[in-house]
Amino acid sequence: MRLLPAAVTLSLTVALAYYVYIPMPDAIQEPWKLMLLDAGFRGTMQLASLKAWLGFDNYITSIRRSTAGFDDIMEGLLSPQSGGGVMPGVKVSDITFAGVPVRVYEPPAGGEGHLRRGLMFIHGGGWALGTGKRGSYDTINRMLSDELNTVVVSVEYRLYPEVHFPVPYLDCLAAAKHFLSPEVQARYAIDPERVAVAGDSAGGNLAAAVAQEISSDETMSATFSVQALIYPVLQALDFNTPSYLQNQNIPILYRPLMVHFWLQYLGADLSLLSQALANNHSSLENPNLTPELRARLDWTALLPPKHKRDYKPLIPKKGSQGTWKEVPGLLDVRASPLLAGPEVLAKCPRAYVLTCEYDVLRDEGLMYARRLQDAGVSVTSDHYEDGFHGCFSFITWPMEFDVGKRALRGYLDWLQNNL
């Protein structure tokens, strides 16, 4: 009987190790830490799926509750009382810009006698998760405000399942126009020539789309001077780029999960996931996908050889076009900024594009940087050979990664020198 507890313990340990372990590229540092982080995310998503199947809760709202609980624990551990306070001199206000909730960070130096930088930040989370008011987003924005003497505005745009495209985009655009108005810039003592828009992942998608619209709007008295895009999502027509295939099983953004986020955002039937993974929605039968449009995301022409490798483009001859006609957002540049024409890109502000080698979104970030450069825009492409999707956010204990801290420092240094 004494052997029974030991056998049970051994069995549970083996089962846990089997659940946690995922093969990792040698270049990724601290692989077991990333495996544990990913196991936590997968466990959260699987529990949310079970609750939704049992009818207890919505899948997305269940994930939100779980992540909010984790953030509350971390905020308690990092609070000033526990010795981990972050930039206490930064003034934080939760208000609205044109009816859109925002959090404003004002640097302790104040604006007396001189103008300050301004930056609008848009958080990621697949257009369904996340908030700029918690966790690493809040930490990074406080740090940026203090270190760069910058007024930071973090946008709390509406999320799925409450809304679909184009509502999140329209929320961010409304907030951006309000932020760039002369009245608001005067109120916060912001230099109108030194205002940026930034975002990561889905927030990078929204930042790029907003930058395009603002730059092309001749009614705007002020525009963004720079854009900083951190592993941005930029297209939904090709889920078989080299990076989608190379990194389809690399945490924390798996290929099917990214496609799932896209279907949610565009208000499409989630059962179309397998068709999307096969690129059936962008087959040669699609009359709306002209050769000109296809060229704008042709990775065979836009990627450097080291990233193309031996991969081949997947363009089915036939697809299921009838179903996809109900998803007009697929070809909308407000959803897929990579589809914008060169005349639009030429008006965009100079750009910082951060990409990670082990990220399904790597190639679209590299392609967007190339297309901006081809249009005459000054671009800094900051590529992390040991980076993975989400690393920019993992900069505090217990889930801090060296590559995340380096990525954050690269972002801050670029803004210091270019904004």
# chains A, B, ... in the order shown; residues from 1 in each chain; ligands from 1
>>> closest_atom_pairs(of="region 239-313 of chain A", to="region 167-177 of chain A", cutoff="12 Å", atoms="only C-alpha atoms", output="Markdown table")
| residue | atom | partner | partner_atom | distance |
| --- | --- | --- | --- | --- |
| A:Tyr265 | CA | A:Pro168 | CA | 9.1 |
| A:Leu266 | CA | A:Val167 | CA | 10.3 |
| A:Gly267 | CA | A:Val167 | CA | 11.3 |
>>> write_last_selection(atoms="N, CA, C and O atoms", output="PDB file, in the first residue's frame")
ATOM      1  N   TYR A 265     -13.087  38.462 -35.172  1.00  0.00           N
ATOM      2  CA  TYR A 265     -13.024  39.902 -35.434  1.00  0.00           C
ATOM      3  C   TYR A 265     -13.867  40.297 -36.644  1.00  0.00           C
ATOM      4  O   TYR A 265     -14.579  41.312 -36.625  1.00  0.00           O
ATOM      5  N   LEU A 266     -13.825  39.475 -37.691  1.00  0.00           N
ATOM      6  CA  LEU A 266     -14.536  39.803 -38.924  1.00  0.00           C
ATOM      7  C   LEU A 266     -15.993  39.367 -38.906  1.00  0.00           C
ATOM      8  O   LEU A 266     -16.715  39.568 -39.882  1.00  0.00           O
ATOM      9  N   GLY A 267     -16.429  38.774 -37.798  1.00  0.00           N
ATOM     10  CA  GLY A 267     -17.820  38.359 -37.697  1.00  0.00           C
ATOM     11  C   GLY A 267     -18.148  37.172 -38.582  1.00  0.00           C
ATOM     12  O   GLY A 267     -19.294  36.995 -39.000  1.00  0.00           O
TER      13      GLY A 267
END
>>> residues_around(residues="region 179-196 of chain A", least_positions_apart="6", cutoff="9 Å", atoms="only C-alpha atoms", output="mmCIF file with N, CA and C atoms, in the first residue's frame")
data_model
loop_
_atom_site.group_PDB
_atom_site.id
_atom_site.type_symbol
_atom_site.label_atom_id
_atom_site.label_comp_id
_atom_site.auth_asym_id
_atom_site.auth_seq_id
_atom_site.Cartn_x
_atom_site.Cartn_y
_atom_site.Cartn_z
ATOM 1 N N PHE A 97 -12.147 59.969 -24.561
ATOM 2 C CA PHE A 97 -11.818 60.798 -25.728
ATOM 3 C C PHE A 97 -12.871 60.499 -26.790
ATOM 4 N N GLU A 106 0.505 61.120 -17.502
ATOM 5 C CA GLU A 106 1.222 62.387 -17.616
ATOM 6 C C GLU A 106 2.523 62.304 -16.823
ATOM 7 N N GLY A 110 5.871 67.446 -15.820
ATOM 8 C CA GLY A 110 4.895 68.477 -16.142
ATOM 9 C C GLY A 110 5.192 69.132 -17.473
ATOM 10 N N GLY A 111 4.338 70.058 -17.883
ATOM 11 C CA GLY A 111 4.515 70.706 -19.175
ATOM 12 C C GLY A 111 4.790 72.188 -19.060
ATOM 13 N N GLU A 112 5.165 72.632 -17.877
ATOM 14 C CA GLU A 112 5.372 74.056 -17.667
ATOM 15 C C GLU A 112 6.575 74.554 -18.454
ATOM 16 N N GLY A 113 6.319 75.482 -19.356
ATOM 17 C CA GLY A 113 7.416 76.145 -20.052
ATOM 18 C C GLY A 113 7.969 75.382 -21.237
ATOM 19 N N HIS A 114 7.553 74.150 -21.484
ATOM 20 C CA HIS A 114 8.054 73.411 -22.643
ATOM 21 C C HIS A 114 7.022 72.387 -23.077
ATOM 22 N N LEU A 115 7.086 72.010 -24.348
ATOM 23 C CA LEU A 115 6.151 71.028 -24.886
ATOM 24 C C LEU A 115 6.716 69.614 -24.730
ATOM 25 N N ARG A 116 5.799 68.671 -24.622
ATOM 26 C CA ARG A 116 6.186 67.282 -24.399
ATOM 27 C C ARG A 116 5.809 66.403 -25.586
ATOM 28 N N ARG A 117 6.374 65.224 -25.618
ATOM 29 C CA ARG A 117 5.959 64.236 -26.617
ATOM 30 C C ARG A 117 4.553 63.726 -26.281
ATOM 31 N N GLY A 118 3.908 63.148 -27.300
ATOM 32 C CA GLY A 118 2.630 62.473 -27.099
ATOM 33 C C GLY A 118 2.657 61.124 -27.790
ATOM 34 N N LEU A 119 1.981 60.139 -27.204
ATOM 35 C CA LEU A 119 1.915 58.807 -27.824
ATOM 36 C C LEU A 119 0.587 58.151 -27.501
ATOM 37 N N MET A 120 -0.072 57.638 -28.532
ATOM 38 C CA MET A 120 -1.293 56.866 -28.346
ATOM 39 C C MET A 120 -0.944 55.388 -28.467
ATOM 40 N N PHE A 121 -1.252 54.611 -27.423
ATOM 41 C CA PHE A 121 -0.935 53.188 -27.417
ATOM 42 C C PHE A 121 -2.214 52.359 -27.509
ATOM 43 N N THR A 150 6.673 61.858 -21.767
ATOM 44 C CA THR A 150 5.648 61.725 -22.798
ATOM 45 C C THR A 150 4.257 61.575 -22.180
ATOM 46 N N VAL A 151 3.285 62.257 -22.779
ATOM 47 C CA VAL A 151 1.885 62.049 -22.420
ATOM 48 C C VAL A 151 1.399 60.839 -23.213
ATOM 49 N N VAL A 153 -1.505 58.035 -24.085
ATOM 50 C CA VAL A 153 -2.938 57.759 -24.057
ATOM 51 C C VAL A 153 -3.144 56.308 -24.476
ATOM 52 N N MET A 220 -7.279 66.875 -41.342
ATOM 53 C CA MET A 220 -6.566 66.852 -40.065
ATOM 54 C C MET A 220 -5.521 67.975 -40.021
ATOM 55 N N SER A 221 -5.565 68.774 -38.964
ATOM 56 C CA SER A 221 -4.577 69.853 -38.804
ATOM 57 C C SER A 221 -3.258 69.310 -38.268
ATOM 58 N N ALA A 222 -3.288 68.149 -37.625
ATOM 59 C CA ALA A 222 -2.076 67.501 -37.121
ATOM 60 C C ALA A 222 -2.174 66.007 -37.393
ATOM 61 N N THR A 223 -1.052 65.365 -37.621
ATOM 62 C CA THR A 223 -1.016 63.927 -37.870
ATOM 63 C C THR A 223 0.067 63.298 -36.998
ATOM 64 N N PHE A 224 0.131 61.977 -37.016
ATOM 65 C CA PHE A 224 1.179 61.293 -36.267
ATOM 66 C C PHE A 224 2.520 61.469 -36.983
ATOM 67 N N SER A 225 3.555 61.719 -36.213
ATOM 68 C CA SER A 225 4.888 61.887 -36.806
ATOM 69 C C SER A 225 5.620 60.559 -36.929
ATOM 70 N N VAL A 226 5.295 59.590 -36.076
ATOM 71 C CA VAL A 226 5.897 58.254 -36.178
ATOM 72 C C VAL A 226 4.868 57.202 -35.792
ATOM 73 N N GLN A 227 5.115 55.970 -36.227
ATOM 74 C CA GLN A 227 4.303 54.820 -35.821
ATOM 75 C C GLN A 227 5.251 53.717 -35.367
ATOM 76 N N ALA A 228 4.890 53.051 -34.270
ATOM 77 C CA ALA A 228 5.696 51.955 -33.743
ATOM 78 C C ALA A 228 4.815 50.715 -33.673
ATOM 79 N N PRO A 349 3.560 57.973 -41.655
ATOM 80 C CA PRO A 349 4.724 58.466 -40.905
ATOM 81 C C PRO A 349 5.845 57.430 -40.866
ATOM 82 N N LEU A 415 12.033 55.358 -29.847
ATOM 83 C CA LEU A 415 11.155 56.512 -29.611
ATOM 84 C C LEU A 415 11.957 57.695 -29.061
ATOM 85 N N ASN A 418 13.667 59.168 -32.132
ATOM 86 C CA ASN A 418 12.894 59.486 -33.354
ATOM 87 C C ASN A 418 11.596 60.259 -33.089
ATOM 88 N N LEU A 419 11.180 60.353 -31.851
ATOM 89 C CA LEU A 419 9.941 61.063 -31.555
ATOM 90 C C LEU A 419 10.237 62.429 -30.962
#
>>> atom_distance(atom1="CA of Ser49 (chain A)", atom2="CA of Ile395 (chain A)")
28.6 Å
>>> closest_atom_pairs(of="region 289-323 of chain A", to="region 241-255 of chain A", cutoff="7 Å", atoms="only C-alpha atoms", output="CSV")
residue,atom,partner,partner_atom,distance
A:His307,CA,A:Pro242,CA,6.9
A:Lys308,CA,A:Pro242,CA,6.1
A:Tyr311,CA,A:Pro242,CA,6.0
>>> select_by_dssp(residues="region 139-259 of chain A", states="alpha helix (DSSP H)", output="ChimeraX atom specification")
/A:139-147,167-179,182-187,202-216,242-246,255-259
>>> atom_distance(atom1="CA of Gly329 (chain A)", atom2="CA of Leu372 (chain A)")
22.3 Å
>>> atom_distance(atom1="CA of Val152 (chain A)", atom2="CA of Pro166 (chain A)")
23.9 Å
>>> residues_around(residues="Leu257 (chain A)", least_positions_apart="5", cutoff="12 Å", atoms="only C-alpha atoms", output="list in words")
Phe41, Arg42, Met45, Gly125, Gly126, Phe239, Tyr244, Gln248, Asn249, Ile250, Pro251, Ile252, Trp262, Leu263, Gln264, Leu270, Leu273, Ser274, Ala276, Leu277 and Val360 of chain A
>>> write_last_selection(atoms="N, CA, C and O atoms", output="short mmCIF file (atom, residue, chain, number, x, y, z; two decimals), in the first residue's frame")
data_model
loop_
_atom_site.label_atom_id
_atom_site.label_comp_id
_atom_site.auth_asym_id
_atom_site.auth_seq_id
_atom_site.Cartn_x
_atom_site.Cartn_y
_atom_site.Cartn_z
N PHE A 41 -1.62 29.26 -20.29
CA PHE A 41 -2.56 29.82 -21.26
C PHE A 41 -3.46 28.73 -21.84
O PHE A 41 -4.68 28.92 -21.96
N ARG A 42 -2.86 27.62 -22.20
CA ARG A 42 -3.66 26.53 -22.78
C ARG A 42 -4.68 26.01 -21.77
O ARG A 42 -5.84 25.73 -22.11
N MET A 45 -7.56 28.46 -21.56
CA MET A 45 -8.43 28.38 -22.73
C MET A 45 -9.26 27.10 -22.73
O MET A 45 -10.44 27.12 -23.09
N GLY A 125 -4.30 41.53 -28.09
CA GLY A 125 -5.20 40.57 -27.47
C GLY A 125 -6.20 39.97 -28.43
O GLY A 125 -7.28 39.52 -28.02
N GLY A 126 -5.87 39.96 -29.73
CA GLY A 126 -6.76 39.33 -30.70
C GLY A 126 -8.09 40.02 -30.86
O GLY A 126 -9.07 39.38 -31.23
N PHE A 239 -2.71 32.41 -44.75
CA PHE A 239 -2.31 31.80 -43.49
C PHE A 239 -1.30 30.67 -43.73
O PHE A 239 -1.16 29.76 -42.90
N TYR A 244 3.97 31.45 -40.82
CA TYR A 244 2.79 30.73 -40.32
C TYR A 244 3.07 29.23 -40.26
O TYR A 244 2.63 28.53 -39.34
N GLN A 248 3.91 27.37 -36.57
CA GLN A 248 2.51 27.05 -36.28
C GLN A 248 2.33 26.38 -34.93
O GLN A 248 1.25 26.46 -34.33
N ASN A 249 3.38 25.77 -34.39
CA ASN A 249 3.28 25.10 -33.09
C ASN A 249 4.16 25.75 -32.02
O ASN A 249 4.47 25.12 -31.01
N ILE A 250 4.55 27.01 -32.26
CA ILE A 250 5.38 27.72 -31.29
C ILE A 250 4.49 28.59 -30.39
O ILE A 250 3.68 29.36 -30.89
N PRO A 251 4.65 28.49 -29.07
CA PRO A 251 3.88 29.34 -28.18
C PRO A 251 4.24 30.81 -28.40
O PRO A 251 5.35 31.10 -28.85
N ILE A 252 3.35 31.74 -28.05
CA ILE A 252 2.07 31.46 -27.44
C ILE A 252 0.91 31.68 -28.43
O ILE A 252 -0.25 31.45 -28.08
N TRP A 262 -9.07 36.02 -36.08
CA TRP A 262 -9.51 36.74 -37.28
C TRP A 262 -10.99 36.49 -37.57
O TRP A 262 -11.74 37.43 -37.88
N LEU A 263 -11.42 35.24 -37.50
CA LEU A 263 -12.82 34.93 -37.79
C LEU A 263 -13.75 35.64 -36.81
O LEU A 263 -14.81 36.16 -37.20
N GLN A 264 -13.36 35.67 -35.53
CA GLN A 264 -14.15 36.40 -34.54
C GLN A 264 -14.24 37.87 -34.90
O GLN A 264 -15.32 38.47 -34.89
N LEU A 270 -17.29 30.61 -37.28
CA LEU A 270 -16.08 30.00 -36.75
C LEU A 270 -15.82 28.62 -37.35
O LEU A 270 -14.69 28.11 -37.28
N LEU A 273 -12.85 27.81 -40.04
CA LEU A 273 -11.43 27.80 -39.68
C LEU A 273 -10.61 26.88 -40.58
O LEU A 273 -9.53 27.27 -41.06
N SER A 274 -11.09 25.68 -40.83
CA SER A 274 -10.31 24.75 -41.66
C SER A 274 -10.16 25.26 -43.08
O SER A 274 -9.11 25.08 -43.71
N ALA A 276 -10.09 28.44 -43.93
CA ALA A 276 -9.14 29.55 -43.88
C ALA A 276 -7.70 29.03 -43.78
O ALA A 276 -6.80 29.58 -44.42
N LEU A 277 -7.50 27.99 -42.99
CA LEU A 277 -6.16 27.42 -42.86
C LEU A 277 -5.65 26.89 -44.20
O LEU A 277 -4.44 26.86 -44.44
N VAL A 360 4.20 33.54 -35.81
CA VAL A 360 3.46 33.35 -37.05
C VAL A 360 3.28 34.65 -37.81
O VAL A 360 3.11 34.66 -39.04
#
>>> select_by_dssp(residues="region 145-328 of chain A", states="strand (DSSP E)", output="PyMOL selection string")
chain A and resi 150-155+190-200+226-230
>>> closest_atom_pairs(of="region 321-410 of chain A", to="region 207-213 of chain A", cutoff="6 Å", atoms="only C-alpha atoms", output="Markdown table")
| residue | atom | partner | partner_atom | distance |
| --- | --- | --- | --- | --- |
| A:Arg334 | CA | A:Ala209 | CA | 5.3 |
| A:Pro337 | CA | A:Ala209 | CA | 5.5 |
| A:Cys348 | CA | A:Gln212 | CA | 5.8 |
>>> write_last_selection(atoms="N, CA, C and O atoms", output="mmCIF file, in the first residue's frame")
data_model
loop_
_atom_site.group_PDB
_atom_site.id
_atom_site.type_symbol
_atom_site.label_atom_id
_atom_site.label_comp_id
_atom_site.auth_asym_id
_atom_site.auth_seq_id
_atom_site.Cartn_x
_atom_site.Cartn_y
_atom_site.Cartn_z
ATOM 1 N N ARG A 334 -8.830 48.662 -43.731
ATOM 2 C CA ARG A 334 -8.933 49.027 -42.319
ATOM 3 C C ARG A 334 -8.743 47.805 -41.423
ATOM 4 O O ARG A 334 -8.340 47.943 -40.265
ATOM 5 N N PRO A 337 -4.112 46.233 -43.112
ATOM 6 C CA PRO A 337 -3.323 47.376 -43.604
ATOM 7 C C PRO A 337 -2.289 47.014 -44.665
ATOM 8 O O PRO A 337 -1.885 47.872 -45.446
ATOM 9 N N CYS A 348 2.294 57.728 -45.062
ATOM 10 C CA CYS A 348 2.386 57.277 -43.674
ATOM 11 C C CYS A 348 3.623 57.852 -42.982
ATOM 12 O O CYS A 348 4.634 58.167 -43.620
#
>>> residues_around(residues="Ser336 (chain A)", least_positions_apart="3", cutoff="9 Å", atoms="only C-alpha atoms", output="PyMOL selection string")
chain A and resi 205+209+233-237+329-333+339-340
>>> write_last_selection(atoms="C-alpha atoms", output="PDB file, in the first residue's frame")
ATOM      1  CA  ASN A 205      -3.030  46.199 -36.620  1.00  0.00           C
ATOM      2  CA  ALA A 209      -4.770  51.198 -39.913  1.00  0.00           C
ATOM      3  CA  VAL A 233      -1.267  41.584 -37.441  1.00  0.00           C
ATOM      4  CA  LEU A 234      -1.584  42.946 -40.966  1.00  0.00           C
ATOM      5  CA  GLN A 235      -3.450  40.554 -43.278  1.00  0.00           C
ATOM      6  CA  ALA A 236      -6.026  37.753 -43.291  1.00  0.00           C
ATOM      7  CA  LEU A 237      -5.658  36.354 -46.805  1.00  0.00           C
ATOM      8  CA  GLY A 329     -13.865  42.749 -44.135  1.00  0.00           C
ATOM      9  CA  LEU A 330     -11.359  40.310 -45.670  1.00  0.00           C
ATOM     10  CA  LEU A 331     -10.397  42.867 -48.318  1.00  0.00           C
ATOM     11  CA  ASP A 332     -10.901  46.003 -46.237  1.00  0.00           C
ATOM     12  CA  VAL A 333      -7.613  47.854 -45.701  1.00  0.00           C
ATOM     13  CA  LEU A 339      -3.414  45.608 -48.579  1.00  0.00           C
ATOM     14  CA  ALA A 340      -3.132  49.407 -48.759  1.00  0.00           C
TER      15      ALA A 340
END
>>> closest_residue(among="A:Ala369, A:Cys356, A:Ala268, A:Ala68", to="Val403 (chain A)", atoms="only C-alpha atoms")
A:Cys356
>>> residues_around(residues="Asp382 (chain A)", least_positions_apart="6", cutoff="9 Å", atoms="only C-alpha atoms", output="ChimeraX atom specification")
/A:352-356,407,410-411
>>> write_last_selection(atoms="N, CA and C atoms", output="mmCIF file, in the first residue's frame")
data_model
loop_
_atom_site.group_PDB
_atom_site.id
_atom_site.type_symbol
_atom_site.label_atom_id
_atom_site.label_comp_id
_atom_site.auth_asym_id
_atom_site.auth_seq_id
_atom_site.Cartn_x
_atom_site.Cartn_y
_atom_site.Cartn_z
ATOM 1 N N TYR A 352 8.672 52.222 -37.037
ATOM 2 C CA TYR A 352 9.458 51.219 -36.316
ATOM 3 C C TYR A 352 8.622 49.951 -36.339
ATOM 4 N N VAL A 353 9.176 48.870 -36.899
ATOM 5 C CA VAL A 353 8.447 47.601 -36.980
ATOM 6 C C VAL A 353 9.278 46.526 -36.289
ATOM 7 N N LEU A 354 8.749 46.014 -35.182
ATOM 8 C CA LEU A 354 9.427 44.966 -34.413
ATOM 9 C C LEU A 354 8.856 43.610 -34.823
ATOM 10 N N THR A 355 9.734 42.687 -35.173
ATOM 11 C CA THR A 355 9.317 41.336 -35.536
ATOM 12 C C THR A 355 10.139 40.313 -34.771
ATOM 13 N N CYS A 356 9.584 39.117 -34.628
ATOM 14 C CA CYS A 356 10.252 38.029 -33.913
ATOM 15 C C CYS A 356 10.358 36.806 -34.820
ATOM 16 N N ALA A 407 13.608 43.780 -26.181
ATOM 17 C CA ALA A 407 12.641 44.332 -27.125
ATOM 18 C C ALA A 407 12.050 45.637 -26.595
ATOM 19 N N GLY A 410 14.631 48.341 -26.955
ATOM 20 C CA GLY A 410 14.744 48.768 -28.343
ATOM 21 C C GLY A 410 13.633 49.724 -28.742
ATOM 22 N N TYR A 411 12.431 49.432 -28.296
ATOM 23 C CA TYR A 411 11.252 50.284 -28.554
ATOM 24 C C TYR A 411 11.429 51.657 -27.903
#
>>> closest_residue(among="A:His164, A:Arg294, A:Ala335, A:His260", to="Leu206 (chain A)", atoms="only C-alpha atoms")
A:Ala335
>>> closest_residue(among="A:Val259, A:Leu34, A:Ile140, A:Ile214", to="Lys347 (chain A)", atoms="only C-alpha atoms")
A:Ile214
>>> closest_residue(among="A:Pro25, A:Pro256, A:Pro342, A:Pro108", to="Asn149 (chain A)", atoms="only C-alpha atoms")
A:Pro108
